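Trainee: Please see the structure below; I have some questions.
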Amino acid sequence: MHSLDILEYGHQMVLNAVSGFTEHQATKPGVCGEWSVKDILAHLTSYEAVLVDVLTSLTEKTSTPVMDRWIVDSMTFNDVEVAQRRYIPMEDLIAEYRAYHDVVIDQLLNTPEDKLREAGALPWYGAAYDVEDFIVYAFYGHKREHCAQIEVYRDRIAKIEAMWEAQLDC
């Protein structure tokens, strides 16, 4: 498995999914439950911060506050992280997402490959799983799911706009 490739595919997928929305479109609820496109991006941004801590924990003995809050109660973590980013302009939120991703890539490149493939390296995730499994399932798969929801929303917007155009042509 190539963690770097997986992370880059997921990253580009997110950037493509959130591109082209107006601020108004990006803040409409209902894309994933009550979450908007912007809320989903805030959620994915917070997960990039979690991955920063996860990768840090592999090579350094330091505090991992974001990861710790996520492990203790991921639902509360999600609510708090999304709420904290609710009033950040979409452009700035994209920049924050990119910045965390850049740190993730830097950390990944500085993590020994054998550590990424060590079963049980993340004891809270499961003894049979390695970090690469975590990246694929908890990050890439997670991004695919949310990006698909955003694409469904994009399709809904396109259909509504087509209906409006048809009505204007009458």
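Chain lettering (A, B, ...) mirrors the order of the structure tokens, residue numbering begins at 1 for each chain separately, and ligand numbering begins at 1 in order of display.
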Need the shell around stretch 131-140 of chain A: protein/DNA/RNA residues with any atom at most 9 Å away, counting only C-alpha atoms. Skip same-chain ones fewer than 2 positions apart. Format as a compact mmCIF listing (two decimals) with N, CA and C atoms, in the first residue's frame?
Mentor:
# COMPACT_ATOMS: atom_id res chain seq x y z
N MET A 1 0.84 -1.17 0.00
CA MET A 1 0.00 0.00 0.00
C MET A 1 0.89 1.24 0.00
N HIS A 2 0.45 2.27 -0.63
CA HIS A 2 1.21 3.51 -0.70
C HIS A 2 0.41 4.61 -0.01
N SER A 3 0.71 4.85 1.24
CA SER A 3 -0.03 5.82 2.04
C SER A 3 0.00 7.20 1.43
N ILE A 6 -2.51 7.34 -1.36
CA ILE A 6 -3.87 7.31 -0.81
C ILE A 6 -4.25 8.67 -0.25
N LEU A 7 -3.34 9.27 0.51
CA LEU A 7 -3.62 10.58 1.09
C LEU A 7 -3.78 11.65 0.01
N TYR A 9 -4.75 11.16 -3.18
CA TYR A 9 -6.02 10.93 -3.89
C TYR A 9 -7.19 11.50 -3.08
N GLY A 10 -7.19 11.21 -1.80
CA GLY A 10 -8.26 11.71 -0.94
C GLY A 10 -8.27 13.22 -0.87
N HIS A 11 -7.10 13.81 -0.77
CA HIS A 11 -6.97 15.27 -0.70
C HIS A 11 -7.53 15.93 -1.96
N LEU A 44 -13.89 17.42 7.87
CA LEU A 44 -12.72 16.78 7.27
C LEU A 44 -11.43 17.50 7.65
N TYR A 47 -10.42 16.22 10.94
CA TYR A 47 -9.83 14.90 10.82
C TYR A 47 -8.38 14.97 10.34
N GLU A 48 -8.08 15.95 9.50
CA GLU A 48 -6.67 16.14 9.12
C GLU A 48 -5.85 16.48 10.37
N LEU A 51 -5.16 13.36 12.20
CA LEU A 51 -4.09 12.59 11.58
C LEU A 51 -2.72 13.18 11.87
N VAL A 54 -1.98 11.72 15.16
CA VAL A 54 -1.73 10.27 15.04
C VAL A 54 -0.30 10.03 14.55
N LEU A 55 0.08 10.71 13.49
CA LEU A 55 1.42 10.52 12.95
C LEU A 55 2.50 11.03 13.90
N LYS A 115 7.10 1.51 10.69
CA LYS A 115 6.17 1.98 11.73
C LYS A 115 4.75 2.10 11.16
N LEU A 116 4.63 2.48 9.90
CA LEU A 116 3.32 2.59 9.25
C LEU A 116 2.68 1.22 9.05
N ARG A 117 3.50 0.19 8.97
CA ARG A 117 3.01 -1.17 8.70
C ARG A 117 3.02 -2.07 9.93
N GLU A 118 3.27 -1.49 11.07
CA GLU A 118 3.35 -2.25 12.32
C GLU A 118 1.94 -2.48 12.88
N ALA A 119 1.50 -3.74 12.88
CA ALA A 119 0.20 -4.07 13.45
C ALA A 119 0.18 -3.67 14.92
N GLY A 120 -0.89 -3.02 15.32
CA GLY A 120 -1.05 -2.62 16.71
C GLY A 120 -0.35 -1.32 17.08
N ALA A 121 0.23 -0.61 16.11
CA ALA A 121 0.92 0.66 16.41
C ALA A 121 -0.04 1.69 16.99
N LEU A 122 -1.32 1.53 16.67
CA LEU A 122 -2.37 2.39 17.23
C LEU A 122 -3.26 1.50 18.08
N TYR A 125 -6.98 1.57 18.00
CA TYR A 125 -7.65 1.26 16.72
C TYR A 125 -7.83 -0.24 16.54
N TYR A 129 -4.57 -4.08 13.20
CA TYR A 129 -4.49 -3.06 12.15
C TYR A 129 -3.22 -2.23 12.28
N HIS A 142 -13.51 7.62 4.44
CA HIS A 142 -14.31 8.68 5.06
C HIS A 142 -14.48 9.85 4.09
N LYS A 143 -13.39 10.24 3.43
CA LYS A 143 -13.45 11.34 2.46
C LYS A 143 -14.31 10.95 1.26
N ARG A 144 -14.18 9.71 0.80
CA ARG A 144 -15.00 9.27 -0.35
C ARG A 144 -16.49 9.38 -0.02
N GLU A 145 -16.84 8.95 1.18
CA GLU A 145 -18.25 9.00 1.59
C GLU A 145 -18.78 10.43 1.59
Trainee: Determine, using only C-alpha atoms, which residues of stretch 64-156 of chain A have any atom at most 7 Å from an atom of stretch 14-27 of chain A, and tabulate each with its shortest atom pair and distance in Å to one decimal place, rows ordered by chain and then rising number, as a tab-separated table.
Mentor:
residue	atom	partner	partner_atom	distance
A:Met90	CA	A:Glu23	CA	6.5
A:Lys143	CA	A:Val14	CA	6.8
A:Cys147	CA	A:Ala17	CA	5.7
A:Ile150	CA	A:Ala17	CA	6.4
A:Glu151	CA	A:Ala17	CA	6.6
Trainee: Keeping only C-alpha atoms, take the residues you just selected and write them out as a PDB file, in the first residue's frame.
Mentor:
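For reference, selection_37.pdb as written:
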ATOM      1  CA  MET A  90     -15.062  28.933   2.782  1.00  0.00           C
ATOM      2  CA  LYS A 143     -13.448  11.336   2.462  1.00  0.00           C
ATOM      3  CA  CYS A 147     -17.391  13.713  -1.217  1.00  0.00           C
ATOM      4  CA  ILE A 150     -21.341  16.684  -1.767  1.00  0.00           C
ATOM      5  CA  GLU A 151     -21.608  15.479  -5.378  1.00  0.00           C
TER       6      GLU A 151
END
Trainee: Could you tell me how far atom CA of A:Asp39 sits from atom CA of A:Arg154, in Å to one decimal place?
Mentor: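 Those two atoms sit 15.0 Å apart.
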Trainee: Got a sec: who's within 12 Å of stretch 77-87 of chain A, counting only C-alpha atoms, leaving out chain neighbours fewer than 6 positions off, as a PyMOL selection string?
Mentor: chain A and resi 23+26-29+34-50+65-71+93-94+96-97
Trainee: Got a sec: who's within 9 Å of stretch 110-113 of chain A, counting only C-alpha atoms, leaving out chain neighbours fewer than 6 positions off, as a PyMOL selection string?
Mentor: chain A and resi 55-56+58-59
Trainee: If you run DSSP on this backbone, which residues of stretch 83-156 of chain A come out as alpha helix (DSSP H), and could you give them as a ChimeraX atom specification?
Mentor: /A:83-85,90-109,113-116,131-134,141-156
